[in-house]
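Listing of coords-v6.txt, compact mmCIF, C-alpha atoms
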# COMPACT_ATOMS: atom_id res chain seq x y z
CA MET M 1 157.76 121.24 136.81
CA LYS M 2 159.99 121.46 133.72
CA GLN M 3 159.92 118.68 131.18
CA GLY M 4 162.58 118.07 128.54
CA GLY M 5 161.89 116.49 125.18
CA TYR M 6 164.65 113.94 125.38
CA GLY M 7 163.78 110.40 124.25
CA ILE M 8 165.47 107.20 123.15
CA ALA M 9 164.45 105.63 119.81
CA VAL M 10 164.80 101.90 119.21
CA ARG M 11 164.76 100.93 115.53
CA ASN M 12 164.23 97.27 114.69
CA PRO M 13 164.81 96.46 111.00
CA ILE M 14 162.19 94.28 109.27
CA TYR M 15 163.36 92.03 106.44
CA LEU M 16 161.12 90.20 103.96
CA LYS M 17 161.99 87.55 101.35
CA ASP M 18 161.36 87.91 97.62
CA GLU M 19 160.23 85.12 95.30
CA ASN M 20 163.83 83.88 94.99
CA GLY M 21 164.27 83.64 98.73
CA GLN M 22 166.55 86.67 98.91
CA GLU M 23 166.10 88.90 101.94
CA TYR M 24 165.46 92.60 101.44
CA PHE M 25 164.87 95.48 103.83
CA TRP M 26 161.21 96.48 104.20
CA GLY M 27 161.00 98.90 107.14
CA PHE M 28 161.46 99.33 110.87
CA THR M 29 159.59 100.00 114.08
CA ILE M 30 160.23 102.89 116.41
CA VAL M 31 159.76 102.92 120.18
CA ILE M 32 160.19 106.21 122.04
CA LEU M 33 161.00 106.20 125.74
CA ARG M 34 160.63 109.71 127.17
CA VAL M 35 162.63 110.54 130.27
CA PRO M 36 159.72 112.18 132.15
CA GLU M 37 157.67 108.99 131.76
CA ILE M 38 160.54 106.76 132.88
CA PHE M 39 161.30 108.81 136.00
CA SER M 40 157.72 109.81 136.90
CA ASP M 41 157.23 107.23 139.67
CA ALA M 42 160.63 107.86 141.25
CA THR M 43 160.35 111.65 141.14
CA SER M 44 156.80 111.50 142.48
CA ALA M 45 158.11 109.56 145.48
CA LEU M 46 160.88 112.09 146.03
CA SER M 47 158.38 114.94 146.06
CA LYS M 48 156.23 113.19 148.64
CA PHE M 49 159.26 112.77 150.88
CA GLY M 50 160.16 116.43 150.50
CA TYR M 51 163.07 116.38 148.07
CA GLU M 52 164.06 118.68 145.21
CA TYR M 53 165.83 117.10 142.22
CA SER M 54 167.36 117.79 138.81
CA LEU M 55 168.34 115.53 135.87
CA SER M 56 170.82 116.99 133.35
CA LYS M 57 172.88 115.79 130.37
CA THR M 58 175.73 117.20 128.27
CA ASP M 59 174.96 118.71 124.88
CA ASN M 60 177.35 116.27 123.23
CA PRO M 61 179.98 113.69 124.27
CA TRP M 62 182.78 116.28 124.14
CA SER M 63 181.05 119.04 126.12
CA ASP M 64 181.24 119.80 129.85
CA ASN M 65 178.10 121.95 129.74
CA TYR M 66 175.04 120.26 131.19
CA LYS M 67 171.51 121.04 130.07
CA VAL M 68 168.55 120.37 132.38
CA VAL M 69 166.27 117.69 131.05
CA TYR M 70 163.94 117.29 134.04
CA GLN M 71 163.73 119.01 137.45
CA SER M 72 161.47 119.97 140.35
CA ASP M 73 160.06 123.46 140.82
CA ARG M 74 162.49 124.86 143.41
CA GLN M 75 166.18 125.59 143.24
CA LEU M 76 168.54 123.01 144.76
CA THR M 77 170.75 123.93 147.75
CA ASN M 78 173.86 121.85 148.49
CA PRO M 79 172.63 118.93 146.40
CA VAL M 80 174.10 115.47 146.34
CA SER M 81 175.25 114.72 142.80
CA TYR M 82 175.36 111.39 141.00
CA ASP M 83 177.16 111.23 137.60
CA PHE M 84 176.68 108.44 135.10
CA THR M 85 177.14 107.71 131.39
CA ILE M 86 174.84 106.15 128.85
CA GLY M 87 176.66 105.34 125.60
CA GLU M 88 178.62 108.47 124.79
CA GLU M 89 176.42 110.89 126.77
CA ASN M 90 177.19 112.14 130.28
CA TRP M 91 174.33 112.51 132.75
CA LYS M 92 174.01 114.10 136.20
CA PHE M 93 171.32 113.51 138.82
CA GLU M 94 171.17 115.99 141.74
CA VAL M 95 168.96 115.81 144.82
CA THR M 96 168.55 117.75 148.06
CA PRO M 97 165.88 117.75 150.84
CA GLU M 98 163.68 120.82 151.13
CA ASN M 99 164.72 121.32 154.79
CA GLY M 100 168.38 120.32 154.58
CA TRP M 101 170.19 117.07 155.27
CA GLY M 102 169.41 116.69 159.02
CA ASN M 103 166.68 114.08 158.58
CA ASN M 104 168.06 110.49 158.78
CA THR M 105 164.86 109.07 157.36
CA LEU M 106 165.26 111.19 154.28
CA ILE M 107 168.88 110.08 153.90
CA ALA M 108 167.72 106.44 153.97
CA VAL M 109 165.05 107.17 151.39
CA ILE M 110 167.54 108.81 149.05
CA GLY M 111 169.77 105.76 149.39
CA VAL M 112 166.92 103.51 148.26
CA PHE M 113 166.24 105.89 145.40
CA PHE M 114 169.85 105.70 144.21
CA ILE M 115 169.57 101.90 144.10
CA ALA M 116 166.42 102.24 142.00
CA ILE M 117 168.06 104.74 139.67
CA THR M 118 171.03 102.40 139.17
CA LEU M 119 168.70 99.59 138.05
CA LEU M 120 166.91 101.98 135.74
CA LEU M 121 170.21 103.07 134.22
CA ALA M 122 171.08 99.44 133.46
CA VAL M 123 167.83 99.14 131.47
CA LEU M 124 168.43 102.45 129.71
CA THR M 125 171.97 101.44 128.81
CA ARG M 126 170.72 98.23 127.21
CA VAL M 127 168.08 100.16 125.26
CA TRP M 128 170.68 102.66 124.09
CA LEU M 129 173.11 99.97 122.96
CA VAL M 130 170.42 98.19 120.93
CA SER M 131 169.39 101.51 119.42
CA LYS M 132 172.98 102.37 118.49
CA GLU M 133 173.57 98.92 116.99
CA ASN M 134 170.48 99.26 114.80
CA LYS M 135 171.47 102.80 113.85
CA ASN M 136 174.86 101.54 112.69
CA LYS M 137 173.19 98.83 110.61
CA PHE M 138 170.93 101.37 108.92
CA GLN M 139 173.88 103.66 108.28
CA ILE M 140 175.76 100.81 106.60
CA LEU M 141 172.71 100.03 104.46
CA ALA M 142 172.33 103.69 103.51
CA TYR M 143 176.01 104.10 102.57
CA THR M 144 176.79 100.75 100.92
CA ASP M 145 176.12 99.39 97.44
CA SER M 146 174.42 96.06 98.03
CA LEU M 147 175.77 94.40 94.88
CA THR M 148 179.49 95.16 95.24
CA GLY M 149 179.91 95.83 98.98
CA ILE M 150 181.65 99.19 98.44
CA TYR M 151 180.18 102.65 99.05
CA ASN M 152 177.24 103.79 96.99
CA ARG M 153 177.15 107.28 95.49
CA TYR M 154 175.58 108.85 98.57
CA GLY M 155 178.09 107.26 100.95
CA PHE M 156 181.09 108.01 98.76
CA ASP M 157 180.15 111.67 98.18
CA GLU M 158 179.59 112.32 101.88
CA LEU M 159 182.81 110.66 103.03
CA ALA M 160 184.88 112.21 100.22
CA GLU M 161 183.52 115.64 101.16
CA GLN M 162 184.52 115.07 104.79
CA MET M 163 188.03 113.87 103.84
CA ILE M 164 188.77 116.89 101.65
CA THR M 165 187.16 119.40 104.04
CA LYS M 166 189.17 118.10 107.01
CA ASN M 167 192.43 117.99 104.99
CA PRO M 168 192.33 121.06 102.72
CA GLU M 169 196.12 121.17 102.40
CA ALA M 170 196.49 117.50 101.45
CA LYS M 171 196.76 116.20 97.91
CA PHE M 172 194.03 113.95 96.52
CA VAL M 173 193.53 112.07 93.27
CA ALA M 174 189.98 111.28 92.19
CA VAL M 175 189.46 108.43 89.70
CA LEU M 176 186.38 107.69 87.58
CA LEU M 177 186.16 104.46 85.58
CA ASP M 178 183.56 102.39 83.78
CA ILE M 179 183.25 99.17 81.80
CA ASP M 180 183.63 99.48 78.04
CA GLU M 181 180.61 98.23 76.10
CA PHE M 182 178.82 97.23 79.31
CA LYS M 183 175.45 97.29 77.57
CA PHE M 184 176.82 94.77 75.12
CA VAL M 185 177.66 92.43 78.01
CA ASN M 186 174.14 92.81 79.42
CA ASP M 187 172.46 92.33 76.05
CA ILE M 188 174.48 89.31 74.96
CA TYR M 189 174.96 87.45 78.24
CA GLY M 190 172.16 88.83 80.40
CA HIS M 191 172.01 90.99 83.50
CA VAL M 192 173.24 88.24 85.81
CA CYS M 193 176.55 88.20 83.93
CA GLY M 194 176.53 91.99 83.91
CA ASP M 195 176.26 91.90 87.70
CA ASN M 196 179.10 89.39 87.82
CA ALA M 197 181.27 91.79 85.83
CA LEU M 198 180.44 94.64 88.22
CA LYS M 199 181.28 92.52 91.28
CA SER M 200 184.47 91.31 89.62
CA LEU M 201 185.58 94.89 88.95
CA ALA M 202 184.80 95.95 92.54
CA ASP M 203 186.80 92.98 93.87
CA SER M 204 189.71 93.97 91.62
CA MET M 205 189.59 97.49 93.04
CA LYS M 206 189.60 96.22 96.63
CA ALA M 207 192.59 93.99 95.95
CA PHE M 208 194.62 96.51 93.95
CA PHE M 209 194.24 99.82 95.77
CA PRO M 210 195.56 100.59 99.29
CA SER M 211 193.31 100.01 102.30
CA GLY M 212 192.97 103.77 102.86
CA ALA M 213 191.48 104.34 99.40
CA LEU M 214 187.81 105.35 99.31
CA LEU M 215 186.00 103.11 96.82
CA GLY M 216 182.51 103.71 95.47
CA ARG M 217 180.03 102.81 92.76
CA ASN M 218 178.21 105.80 91.29
CA GLY M 219 175.59 103.59 89.70
CA GLY M 220 175.36 101.41 86.59
CA ASP M 221 178.88 100.48 85.50
CA GLU M 222 180.59 103.66 86.75
CA PHE M 223 182.97 103.44 89.72
CA VAL M 224 184.88 106.09 91.65
CA ILE M 225 188.02 106.15 93.82
CA LEU M 226 189.53 108.82 96.07
CA LEU M 227 193.21 108.52 97.01
CA LYS M 228 194.53 110.73 99.85
CA ASP M 229 198.12 112.02 99.87
CA TYR M 230 198.73 111.06 96.24
CA SER M 231 199.69 113.16 93.23
CA TYR M 232 199.69 112.55 89.47
CA ASP M 233 203.27 111.32 89.59
CA ASP M 234 202.45 108.89 92.41
CA VAL M 235 199.53 107.21 90.64
CA LYS M 236 200.25 107.44 86.91
CA GLU M 237 201.96 104.07 86.55
CA LYS M 238 199.67 102.28 89.03
CA LEU M 239 196.47 103.45 87.34
CA GLN M 240 197.84 102.39 83.97
CA GLN M 241 198.60 98.96 85.41
CA PHE M 242 195.10 98.65 86.85
CA THR M 243 193.48 99.71 83.58
CA MET M 244 195.39 97.12 81.57
CA ALA M 245 195.16 94.27 84.09
CA PRO M 246 192.93 91.38 82.82
CA LYS M 247 189.36 91.46 84.11
CA THR M 248 186.86 88.69 83.56
CA PHE M 249 183.37 87.47 84.36
CA SER M 250 182.07 83.92 84.23
CA TYR M 251 179.39 82.67 81.85
CA LYS M 252 178.38 79.01 81.81
CA GLY M 253 181.69 77.96 83.33
CA LYS M 254 183.78 79.95 80.87
CA GLU M 255 185.71 83.14 81.65
CA HIS M 256 185.07 86.15 79.39
CA GLN M 257 187.29 89.21 79.41
CA PHE M 258 186.06 92.79 79.67
CA TYR M 259 187.84 96.14 79.61
CA ILE M 260 187.62 99.50 81.34
CA SER M 261 188.29 103.17 80.67
CA LEU M 262 189.64 105.41 83.40
CA GLY M 263 190.07 109.15 83.95
CA TYR M 264 191.61 110.89 86.94
CA ALA M 265 192.26 114.38 88.33
CA GLU M 266 194.34 115.96 91.09
CA TYR M 267 193.31 118.21 93.99
CA PRO M 268 194.10 121.07 94.56
CA THR M 269 196.07 121.45 91.30
CA PHE M 270 192.98 121.52 89.07
CA ALA M 271 190.10 121.75 91.54
CA SER M 272 189.18 123.74 94.63
CA ASN M 273 186.51 121.35 95.96
CA ARG M 274 185.20 117.81 95.67
CA SER M 275 182.53 118.55 93.04
CA GLN M 276 184.98 120.27 90.73
CA LEU M 277 187.51 117.48 91.25
CA MET M 278 184.96 114.88 90.15
CA ARG M 279 184.01 116.93 87.09
CA CYS M 280 187.68 117.06 86.08
CA ALA M 281 188.01 113.28 86.42
CA ASP M 282 184.81 112.88 84.41
CA ALA M 283 186.18 115.10 81.63
CA ALA M 284 189.30 112.90 81.44
CA LEU M 285 187.15 109.75 81.28
CA TYR M 286 185.01 111.27 78.53
CA GLU M 287 188.15 112.07 76.54
CA ILE M 288 189.25 108.43 76.76
CA LYS M 289 185.83 107.31 75.51
CA LEU M 290 186.18 109.59 72.50
CA HIS M 291 189.56 108.08 71.62
CA GLY M 292 188.78 104.39 71.48
CA LYS M 293 188.22 103.39 75.11
CA ASN M 294 190.27 100.86 77.12
CA GLY M 295 192.71 103.51 78.27
CA CYS M 296 193.77 105.73 81.13
CA MET M 297 194.06 109.54 81.07
CA ALA M 298 194.84 112.31 83.54
CA TYR M 299 192.88 115.54 83.46
CA LYS M 300 194.75 118.47 81.99
CA GLU M 301 193.87 122.05 81.22
CA GLY M 302 191.86 122.40 78.06
CA LEU M 303 189.53 119.47 78.63
CA GLU M 304 186.03 120.79 78.95
CA LEU M 305 184.23 120.35 82.26
CA MET M 306 180.91 119.13 80.97
CA ALA M 307 178.62 116.27 81.68
CA ARG M 308 179.15 113.31 79.38
CA LYS M 309 176.34 112.86 76.91
CA GLN M 310 174.87 109.42 76.53
CA LEU M 311 173.21 108.36 73.30
CA GLY M 312 170.76 106.31 75.29
CA PHE M 313 170.73 103.39 72.82
CA ALA M 314 171.57 99.91 73.99
CA PHE M 315 173.15 97.48 71.54
CA LYS M 316 169.97 95.43 71.62
CA ASP M 317 167.83 98.49 70.87
CA ILE M 318 169.85 99.19 67.75
CA SER M 319 170.21 95.63 66.48
CA GLU M 320 166.55 94.77 66.97
CA ASN M 321 165.49 97.77 64.91
CA LEU M 322 167.93 97.40 62.04
CA PRO M 323 166.07 97.02 58.71
CA GLY M 324 167.56 93.60 58.13
CA ALA M 325 168.59 90.24 59.57
CA PHE M 326 171.82 90.48 61.54
CA ILE M 327 174.25 88.11 63.30
CA ILE M 328 177.67 88.26 64.96
CA TYR M 329 180.09 85.35 64.94
CA ARG M 330 183.78 84.73 65.65
CA ALA M 331 186.12 85.29 62.66
CA ASP M 332 188.20 82.18 63.14
CA LYS M 333 188.65 79.35 60.61
CA GLU M 334 188.66 76.74 63.37
CA ASP M 335 186.15 78.29 65.77
CA ASP M 336 183.27 80.20 64.10
CA GLU M 337 181.22 80.55 67.30
CA LEU M 338 177.89 82.34 66.98
CA PHE M 339 177.47 85.18 69.49
CA TYR M 340 174.26 86.97 68.58
CA ALA M 341 171.28 87.11 66.23
CA ASN M 342 168.60 89.81 66.14
CA GLN M 343 164.86 89.15 65.93
CA GLU M 344 164.78 89.89 62.21
CA PHE M 345 167.23 87.05 61.56
CA LEU M 346 165.40 84.64 63.86
CA HIS M 347 162.14 85.43 62.06
CA MET M 348 163.72 85.01 58.62
CA ALA M 349 165.25 81.66 59.54
CA GLY M 350 162.31 80.40 61.60
CA TYR M 351 164.06 80.08 64.98
CA LYS M 352 161.96 80.78 68.10
CA ASP M 353 164.82 82.41 69.98
CA MET M 354 168.60 82.45 70.26
CA ASP M 355 168.60 79.41 72.53
CA GLU M 356 166.98 77.34 69.76
CA LEU M 357 169.38 78.82 67.19
CA PHE M 358 172.39 77.94 69.33
CA ARG M 359 171.06 74.46 70.05
CA LEU M 360 170.28 73.49 66.44
CA THR M 361 173.47 74.98 64.99
CA LYS M 362 175.71 74.01 67.92
CA LYS M 363 176.63 77.72 67.96
CA SER M 364 178.59 77.31 64.70
CA PHE M 365 178.11 79.63 61.68
CA ARG M 366 179.05 76.86 59.19
CA ASN M 367 176.01 74.89 60.37
CA LEU M 368 173.82 77.67 58.95
CA ILE M 369 175.19 76.87 55.47
CA ARG M 370 173.83 74.02 53.34
CA GLU M 371 176.24 71.11 53.75
CA ASP M 372 177.22 70.83 50.07
CA GLU M 373 178.13 74.54 50.05
CA GLN M 374 180.04 74.80 53.32
CA LYS M 375 183.61 74.30 52.06
CA LYS M 376 183.09 76.51 49.01
CA ILE M 377 181.50 79.35 51.01
CA GLU M 378 184.10 79.27 53.77
CA ALA M 379 186.91 79.28 51.24
CA SER M 380 185.33 82.23 49.43
CA ILE M 381 184.96 84.22 52.65
CA TRP M 382 188.56 83.72 53.72
CA LYS M 383 189.90 84.34 50.23
CA GLN M 384 188.29 87.78 50.31
CA ILE M 385 189.66 88.42 53.82
CA ASP M 386 193.16 87.21 52.91
CA ASN M 387 193.13 89.54 49.91
CA GLY M 388 192.63 92.49 52.26
CA ASN M 389 188.90 92.98 51.83
CA GLU M 390 187.19 93.90 55.09
CA ASN M 391 183.79 93.47 53.45
CA ASP M 392 182.56 90.40 51.59
CA TYR M 393 179.42 89.42 49.68
CA ILE M 394 178.46 85.75 49.57
CA HIS M 395 175.42 84.04 48.05
CA PHE M 396 174.45 80.73 49.66
CA HIS M 397 171.54 78.72 51.06
CA LEU M 398 170.77 79.42 54.73
CA ARG M 399 169.56 76.54 56.87
CA ARG M 400 166.22 77.27 58.51
CA ALA M 401 165.02 75.82 61.83
CA ASP M 402 162.67 73.39 60.00
CA GLY M 403 165.54 71.98 57.91
CA ALA M 404 164.58 73.81 54.72
CA TYR M 405 167.01 76.20 53.02
CA LEU M 406 166.58 79.86 52.11
CA PRO M 407 168.74 81.51 49.42
CA VAL M 408 170.36 84.63 50.92
CA LEU M 409 172.97 87.28 50.20
CA ASP M 410 175.44 87.53 53.07
CA HIS M 411 177.13 90.93 53.48
CA GLY M 412 179.84 90.54 56.13
CA ARG M 413 182.43 92.82 57.67
CA ILE M 414 185.34 91.72 59.83
CA VAL M 415 186.13 93.94 62.82
CA GLU M 416 188.36 93.82 65.89
CA SER M 417 186.45 93.43 69.16
CA GLN M 418 188.03 94.14 72.53
CA GLN M 419 186.10 91.28 74.09
CA TYR M 420 186.42 88.60 71.40
CA GLY M 421 189.20 89.49 69.01
CA LYS M 422 188.20 89.41 65.31
CA VAL M 423 184.47 88.95 64.66
CA PHE M 424 182.14 89.09 61.67
CA TYR M 425 179.16 91.44 61.60
CA VAL M 426 176.83 90.02 58.96
CA LEU M 427 173.64 91.29 57.32
CA PHE M 428 171.40 88.84 55.43
CA MET M 429 169.00 89.62 52.58
CA ASP M 430 166.46 87.24 51.12
CA TRP M 431 167.78 86.47 47.63
CA GLU M 432 164.34 85.90 46.07
CA ASP M 433 162.91 89.09 47.60
CA MET M 434 165.85 91.04 46.22
CA ASN M 435 165.26 89.61 42.77
CA SER M 436 161.54 90.36 42.85
CA HIS M 437 162.00 93.94 44.02
CA TYR M 438 165.17 94.74 42.10
CA SER M 439 165.04 92.40 39.10
CA GLU M 440 166.58 94.98 36.82
CA LYS M 441 169.66 94.99 39.02
CA PHE M 442 170.12 91.25 38.55
CA SER M 443 169.29 90.95 34.85
CA GLY M 444 172.13 89.66 32.75
What do you get writing this file as C-alpha cells?
Amino acid sequence: MKQGGYGIAVRNPIYLKDENGQEYFWGFTIVILRVPEIFSDATSALSKFGYEYSLSKTDNPWSDNYKVVYQSDRQLTNPVSYDFTIGEENWKFEVTPENGWGNNTLIAVIGVFFIAITLLLAVLTRVWLVSKENKNKFQILAYTDSLTGIYNRYGFDELAEQMITKNPEAKFVAVLLDIDEFKFVNDIYGHVCGDNALKSLADSMKAFFPSGALLGRNGGDEFVILLKDYSYDDVKEKLQQFTMAPKTFSYKGKEHQFYISLGYAEYPTFASNRSQLMRCADAALYEIKLHGKNGCMAYKEGLELMARKQLGFAFKDISENLPGAFIIYRADKEDDELFYANQEFLHMAGYKDMDELFRLTKKSFRNLIREDEQKKIEASIWKQIDNGNENDYIHFHLRRADGAYLPVLDHGRIVESQQYGKVFYVLFMDWEDMNSHYSEKFSG
C-alpha cells in the first residue's frame, strides 16, 4: 500500500502582553493531519468489502496533472471517480470493486462511503481555511513594519523584485529618503517622539503617493518607495513637492517640524536590476546629505555607487563628551527657550537633570542670569549679533540650582537650524577656574 507524505498544518498564533499591556507575537502551535491517518478507517472498510481505491491531487491549483497520494495495491479497472476541491487544490477519489460492478451490496456500500467522505471533506475544508487564514496573518506580520504599517525591508525587497522581474520592459522609479538630524530628535525629545516622527512620515507617504506605489521602511529613519510606469520627468516635480511639504511630530501638545532628504533613480535607464536601482537611489540620497540636506536629487551618471558611511556618533554622544559645559537655546529676543544642556553643564550648575533645569528656569535662558545683570547681558549679546558677529563672549553670573551664582565666561555662536530657526550654541567656562589656571592671561 502506497502512502503519500501530504499533510495539513494548522498554525495558531500565540500573543503575550508586555509590562505596558501591549500585545506581541510569541510563537505558534502546529498540528499535522496526515491523509493516510485520516482515511485509514474508511480505506480499511473498503478493503474488507473487496474494493480497490486511489486518492490523488493536482501538483498545484493551475495544473491538470494528478499525483497519487494514497492508493490500494492493485490497479483500478473502470473506476468510479469523485472530484472535489479543498481551498485551491483539486482532489480525485477513485474506487472500483475487485470483481466488477455486478454486486448490488457493494454498490450500496460505496454509496455509504461517499457520504462518509463528504463529511470528512467538510472537516478538512474547515481545517484548511483556518490554516490559510493563519498563514496569511503570519505573512502580513513577516512583511509589515509594525510601527508604521507599511512594508518592512524584507517585504519591500521581495515585492519590488517580483514587480520588476514580471515587468522587465516597464519603467520604474525607486526613491530613498530619510529624516534629517533624526538622532537629534531622539536625543532631545526622546524615542517616543522619534517614533511619532516616523509614523507621521509614513502617513504622509500614504496620503501623497498613488495607491499603486510600493512603500517600505528599510529600518531606522530610512524609507523607500517604488513607482511603476513612471520616469524622471513624471516624478521630478512631485518628489520635490513631497520633500518640501511641511512634516511635523507632536511633543507635549506642540507641533515640531522636521525635514527630509530624498534621492531617486530610474529603471532601466541607470540600472539593470532592483539591487542596482536601489544603489543608484542611495547614491543620490548620499549626495544630498553632502550638500546640506533637506533636498531632492535624481541619480545621474558620475555619482559613485557606494554604501553611505555613517559616523556612528549620536548628537548626545558628542555633546556629553565635550570637554565643557554646553547648552542650546532659541536665538530670539522675545522667546529664549532652552532646548538642551549636557551633563557637564548640569554638573557645573548643580541641576539633577534637564527636567529640573527646565522647571527652575521655566525653560528661559535669561533665568540663568543673575537678575541685576539680565538686561545688560542680553543687550550685550544682541549688540554683538547686530554688529555681524556670529560669535560672542560674555562674562556674567550663572544661576545655580541652589540659588547661588557662579561666575562664568559664555562663548556663544548663533546658527541657523532647520528645526528651530536661529539658535545659540553656548559653551560655559568657570571664570575662577580659568583665572587660577591661566592667571597670566588675565593679568592687567
> Which residues come within 12 Å of Thr248 in chain M, counting all atoms listed in the file, excluding same-chain residues fewer than 3 positions away, as a ChimeraX atom specification?
Replying inline: /M:179,185,193-204,245,251,253-260,419
>> List the spatial neighbours of range 344-351 of chain M as a PyMOL selection string - criterion: any atom at most 12 Å away, only C-alpha atoms, same-chain residues fewer than 3 positions off excluded.
In response: chain M and resi 318-328+340-341+354-361+368-369+397-408+410+426-431+433
> So how far away is CA of Leu147 in chain M from CA of Tyr264 in chain M, in Å?
Replying inline: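 Pair CA of Tyr264 in chain M / CA of Leu147 in chain M returns 24.2 Å.
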> Can you tell me, as a ChimeraX atom specification, what residues are no more than 6 Å from Leu227 in chain M when counting only C-alpha atoms, ignoring any on the same chain fewer than 3 positions away?
Replying inline: /M:172-173,213
> Closest to Glu161 in chain M among M:Asn273, M:Asp282, M:Tyr420, M:Ser364, using all atoms listed in the file?
Replying inline: M:Asn273
>> Using only C-alpha atoms, which protein or nucleic acid residues come within 9 Å of Tyr393 in chain M? Drop anything in the same chain fewer than 2 positions from it, and give the result as a PyMOL selection string.
In response: chain M and resi 381+391+395+409-412
>> Would you compute the distance between CA of Asp386 in chain M and CA of Ile414 in chain M? Give it in Å to one decimal.
In response: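 Calculated distance between CA of Asp386 in chain M and CA of Ile414 in chain M is 11.4 Å.
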> Of the residues M:Val224, M:Leu338, M:Ile377, M:Leu239, which is the one nearest to Phe396 in chain M, using all atoms listed in the file?
Replying inline: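 Once distances to Phe396 in chain M are computed over all atoms listed in the file, the minimum belongs to M:Ile377.
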> Taking into account all atoms listed in the file, which residue in the set M:Lys166, M:Tyr232, M:Asp372, M:Gln241 is nearest to Phe209 in chain M?
Replying inline: M:Gln241
>> I'd like the interatomic distance between CA of Ala298 in chain M and CA of Gly263 in chain M, to a tenth of an Å.
In response: 5.7 Å
>> When you look at Cys280 in chain M with a cut-off of 8 Å (counting all atoms listed in the file), what residues show up, excluding the ones that are within fewer than 6 positions of it in the same chain? I need them as number ranges by chain.
In response: M: 264-265, 270-271, 299, 305
Grab the residues selected above and save them as an mmCIF file, keeping the file's coordinate frame with C-alpha atoms.
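The result, written out as selection-v2.cif:
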data_model
loop_
_atom_site.group_PDB
_atom_site.id
_atom_site.type_symbol
_atom_site.label_atom_id
_atom_site.label_comp_id
_atom_site.auth_asym_id
_atom_site.auth_seq_id
_atom_site.Cartn_x
_atom_site.Cartn_y
_atom_site.Cartn_z
ATOM 1 C CA TYR M 264 191.610 110.890 86.940
ATOM 2 C CA ALA M 265 192.260 114.380 88.330
ATOM 3 C CA PHE M 270 192.980 121.520 89.070
ATOM 4 C CA ALA M 271 190.100 121.750 91.540
ATOM 5 C CA TYR M 299 192.880 115.540 83.460
ATOM 6 C CA LEU M 305 184.230 120.350 82.260
#
